[in-house]
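Data first, discussion second: the structure below is written as structure tokens.
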Amino acid sequence: MSLFVSLALRNIFRNRVRTYIALLAIAAGCAALILNGGIVFNIFGELREDAIHSRHGHLQIYRRGYSEAHLEDPQRYLMEPQEAQHILGIVRANPRILRATSRREFSGMILKGGRYVPFLGVGVEPDQDAEFSRHTTLRAGSVMSSSNPYGVMAGIGLARKLDGKPGDELTLMTMTASGALNAVHVRLQGIFEGGLKEYDDWTLKVPLGAAEPLLMDNRIEQIVLLVRHTDDVPVVRAELESVFQRESSNVEMRSWDQLALFHNQVVGLFGRELSIIRLIIGTIVLLGIGNVIGMSIVERTVELATLRALGLRARAIVALLMMESLLTGLIGAAIGSALGITVARAVSAIGIPYPSPPGSTRPFLGGVDVIPNIVAVAFLISVLATLAAAVFPIRKAIRSPIASTLRRG
């Protein structure tokens, strides 16, 4: 076997120009597949992390029935403080969970300088919110802190409606659960950009310390979780559901992919287009490899006919040529993998500027992710394409009449 491989390697590098062209075609194709897959993975990954770390977290926990009916009767699905603390204790005991925080959503009007502007409020724990808003950009002012329980943050679109700037005094008004109109005075501490226009145009982040006297209610609507690794979300969800079921807790959970409608719409829209692009690139790679490998075998038709005339069996010639193709594919794919990984890391270090996705308010700087599965698939496709490309030319060369082939040579 080693002698057979040595003979195949000698034949491969006997014509160096032909070999270099074949290796270049295979390496370029393999690298193209790695880079294309890495770019797509990076774009979707950026959109996913933006949804998680700007708005939704990895998991959200509510009272059971919240998802289907909370708009009809929101008061019914609020958690009492003791219930919320018990749930927080359970989730914080899971080592895969990085952060857990309480939130309360409400709506109302902002009064500033005689102007009334509607808003959607999110009551948050100030010291926890920064970790849940890592993909949120602070455009002016400062972030919230527990030392300033009446300092709020407005989305950039909402701030424009108010003509507000950090330091402005605002009056928040809303209806309490009993139907009474209530108001509190707060100060605009910061202006943020969350990247989603609808979110930035309406959202006002309010510390729970200010939301409770405004609503005259200290109940919690949802508990939001951050998991250490996004890939662990299904595992963490299953673990928590098992604990809640064992304790007969009256809660339900939703994961980020169920909540991130914008992410799902963008991935659904562009996923098909990028799949078509990937198919086109893959087809070009296969045709390119096939053309180079096919031509290299066709050029050796006279040589193969001579070997057959000297008595070498067709089966042995086929085995030798397929071994040559296999080794060429392996060497070319190895070079292509190294090239693709190197280029991906270099491009990621520089960054690729992308325009704002539809509905978003800001561009982002992407890169090329090196994904082991994508590298392995590109390597395998390159090798299989080389072998497949060799089958027809070998079959044609072996079936050619020896005499007429030698005369043409």
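Following the order of the structure tokens, chains are lettered A, B, ..., residues in each are numbered from 1, and ligands are numbered from 1.
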Per residue of stretch 209-289 of chain A within 9 Å of stretch 51-68 of chain A, what are the shortest atom pair and its distance in Å to one decimal, counting only C-alpha atoms, with rows by chain and residue number, as CSV?
```
residue,atom,partner,partner_atom,distance
A:Glu221,CA,A:Tyr62,CA,6.6
A:Gln222,CA,A:Tyr62,CA,5.0
A:Ile223,CA,A:Ile61,CA,5.1
A:Val224,CA,A:Gln60,CA,4.5
A:Leu225,CA,A:Leu59,CA,5.1
A:Leu226,CA,A:His58,CA,5.2
A:Val227,CA,A:His58,CA,6.3
A:Thr230,CA,A:His58,CA,7.2
A:Val233,CA,A:His58,CA,6.8
A:Arg237,CA,A:Leu59,CA,7.7
A:Ser249,CA,A:Arg64,CA,8.9
A:Asn250,CA,A:Arg64,CA,5.5
A:Val251,CA,A:Arg63,CA,4.3
A:Glu252,CA,A:Arg64,CA,4.9
A:Met253,CA,A:Ile61,CA,4.6
A:Arg254,CA,A:Gln60,CA,5.4
A:Ser255,CA,A:Leu59,CA,4.4
A:Trp256,CA,A:His58,CA,4.9
A:Asp257,CA,A:His58,CA,8.3
A:Leu259,CA,A:His56,CA,6.9
A:Ala260,CA,A:Ala51,CA,6.1
A:Phe262,CA,A:Ala51,CA,8.2
A:His263,CA,A:Ala51,CA,6.8
```
Against stretch 79-86 of chain A, which residues of stretch 207-272 of chain A fall within 7 Å? For each one I want the closest pair of atoms and the distance in Å (one decimal), counting only C-alpha atoms, rows by chain and increasing residue number, as a tab-separated table.
```
residue	atom	partner	partner_atom	distance
A:Asn218	CA	A:Pro81	CA	6.9
A:Arg219	CA	A:Glu80	CA	5.0
A:Ile220	CA	A:Met79	CA	5.0
A:Glu221	CA	A:Met79	CA	6.1
```
Please, which residues of stretch 76-324 of chain A, numbered as in this document, come out alpha helix (DSSP H) from DSSP, as a PyMOL selection string?
chain A and resi 81-92+126-132+156-162+197-202+208-215+233-246+256-259+261-298+301-309+314-324
Grab the residues selected above and save them as a compact mmCIF listing (two decimals), in the first residue's frame with C-alpha atoms.
```
# COMPACT_ATOMS: atom_id res chain seq x y z
CA PRO A 81 -42.56 39.78 45.32
CA GLN A 82 -42.18 36.60 47.40
CA GLU A 83 -42.97 34.42 44.38
CA ALA A 84 -40.50 36.33 42.21
CA GLN A 85 -37.75 36.02 44.83
CA HIS A 86 -38.35 32.28 45.10
CA ILE A 87 -38.01 31.86 41.33
CA LEU A 88 -34.89 34.03 41.29
CA GLY A 89 -33.38 31.80 43.97
CA ILE A 90 -34.03 28.72 41.84
CA VAL A 91 -32.56 30.10 38.64
CA ARG A 92 -29.52 31.66 40.30
CA PRO A 126 -30.54 49.47 37.50
CA ASP A 127 -27.42 47.59 38.59
CA GLN A 128 -28.38 44.52 36.52
CA ASP A 129 -29.51 46.30 33.36
CA ALA A 130 -26.03 47.06 32.00
CA GLU A 131 -25.23 43.34 31.63
CA PHE A 132 -28.54 42.79 29.78
CA ILE A 156 -32.98 57.85 21.02
CA GLY A 157 -36.21 58.14 19.03
CA LEU A 158 -38.27 58.84 22.16
CA ALA A 159 -35.72 61.47 23.26
CA ARG A 160 -36.11 63.22 19.90
CA LYS A 161 -39.89 63.31 20.33
CA LEU A 162 -39.39 64.89 23.75
CA LYS A 197 -36.30 51.67 15.45
CA GLU A 198 -39.60 50.63 17.00
CA TYR A 199 -37.85 49.92 20.29
CA ASP A 200 -35.89 53.18 20.33
CA ASP A 201 -38.95 55.29 19.39
CA TRP A 202 -41.07 54.22 22.36
CA LEU A 208 -38.12 49.55 39.61
CA GLY A 209 -37.63 51.92 42.54
CA ALA A 210 -39.46 54.60 40.52
CA ALA A 211 -41.86 52.27 38.71
CA GLU A 212 -43.34 50.89 41.95
CA PRO A 213 -44.60 54.25 43.33
CA LEU A 214 -45.78 55.22 39.83
CA LEU A 215 -47.82 52.03 39.45
CA VAL A 233 -30.11 27.67 26.33
CA PRO A 234 -32.05 24.44 25.49
CA VAL A 235 -30.22 22.57 28.26
CA VAL A 236 -30.85 25.30 30.84
CA ARG A 237 -34.49 25.55 29.83
CA ALA A 238 -34.97 21.82 30.24
CA GLU A 239 -33.26 21.87 33.65
CA LEU A 240 -35.37 24.76 34.92
CA GLU A 241 -38.61 23.28 33.59
CA SER A 242 -37.78 20.05 35.42
CA VAL A 243 -37.28 21.96 38.69
CA PHE A 244 -40.45 24.03 38.24
CA GLN A 245 -42.45 20.91 37.42
CA ARG A 246 -41.09 19.15 40.50
CA TRP A 256 -34.95 34.32 22.90
CA ASP A 257 -35.73 32.72 19.53
CA GLN A 258 -39.46 32.77 20.36
CA LEU A 259 -39.30 36.44 21.32
CA LEU A 261 -39.37 38.53 15.89
CA PHE A 262 -37.05 40.98 14.10
CA HIS A 263 -34.18 38.47 14.18
CA ASN A 264 -36.43 35.71 12.86
CA GLN A 265 -37.77 37.92 10.04
CA VAL A 266 -34.29 38.98 8.91
CA VAL A 267 -32.92 35.42 9.07
CA GLY A 268 -35.98 34.12 7.22
CA LEU A 269 -35.66 36.81 4.53
CA PHE A 270 -31.92 36.65 3.95
CA GLY A 271 -31.41 33.01 4.87
CA ARG A 272 -32.93 31.83 1.59
CA GLU A 273 -30.94 34.34 -0.44
CA LEU A 274 -27.69 33.42 1.28
CA SER A 275 -28.46 29.73 0.76
CA ILE A 276 -28.80 30.39 -2.97
CA ILE A 277 -25.49 32.26 -2.94
CA ARG A 278 -23.90 29.36 -1.07
CA LEU A 279 -25.28 26.94 -3.67
CA ILE A 280 -23.89 29.07 -6.51
CA ILE A 281 -20.46 29.22 -4.87
CA GLY A 282 -20.53 25.47 -4.23
CA THR A 283 -21.46 24.80 -7.88
CA ILE A 284 -18.65 27.04 -9.14
CA VAL A 285 -16.21 25.26 -6.83
CA LEU A 286 -17.31 21.83 -8.07
CA LEU A 287 -17.16 22.84 -11.72
CA GLY A 288 -13.76 24.48 -11.25
CA ILE A 289 -12.27 21.44 -9.56
CA GLY A 290 -13.92 19.11 -12.07
CA ASN A 291 -12.54 21.01 -15.04
CA VAL A 292 -8.96 21.05 -13.75
CA ILE A 293 -8.92 17.41 -12.65
CA GLY A 294 -10.66 16.26 -15.83
CA MET A 295 -8.19 18.07 -18.07
CA SER A 296 -5.21 16.67 -16.15
CA ILE A 297 -6.43 13.13 -16.79
CA VAL A 298 -7.33 13.77 -20.42
CA THR A 301 -4.64 9.56 -22.24
CA VAL A 302 -1.64 8.44 -24.33
CA GLU A 303 0.34 7.58 -21.21
CA LEU A 304 -2.53 5.45 -19.92
CA ALA A 305 -2.92 3.72 -23.29
CA THR A 306 0.81 2.91 -23.23
CA LEU A 307 0.50 1.33 -19.79
CA ARG A 308 -2.40 -0.78 -21.02
CA ALA A 309 -0.41 -1.82 -24.10
CA ALA A 314 -7.35 -1.53 -16.30
CA ARG A 315 -8.36 -2.12 -12.69
CA ALA A 316 -4.84 -1.27 -11.49
CA ILE A 317 -4.75 1.90 -13.62
CA VAL A 318 -8.13 3.00 -12.26
CA ALA A 319 -6.99 2.37 -8.69
CA LEU A 320 -3.77 4.33 -9.27
CA LEU A 321 -5.61 7.30 -10.82
CA MET A 322 -8.23 7.36 -8.06
CA MET A 323 -5.44 7.27 -5.47
CA GLU A 324 -3.79 10.21 -7.23
```
Looking at only C-alpha atoms, which of A:Val117, A:Val375, A:Ala349, A:Tyr20 is the one that sits closest to A:Asp163?
A:Val117
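Each of A:Arg139, A:Lys112, A:Arg362, A:Arg103 was checked against A:Glu125 using only C-alpha atoms; the smallest atom-to-atom distance is that of A:Arg103.
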Looking at only C-alpha atoms, which of A:Gly179, A:Thr203, A:Gly351, A:Phe379 is the one that sits closest to A:Leu339?
A:Phe379
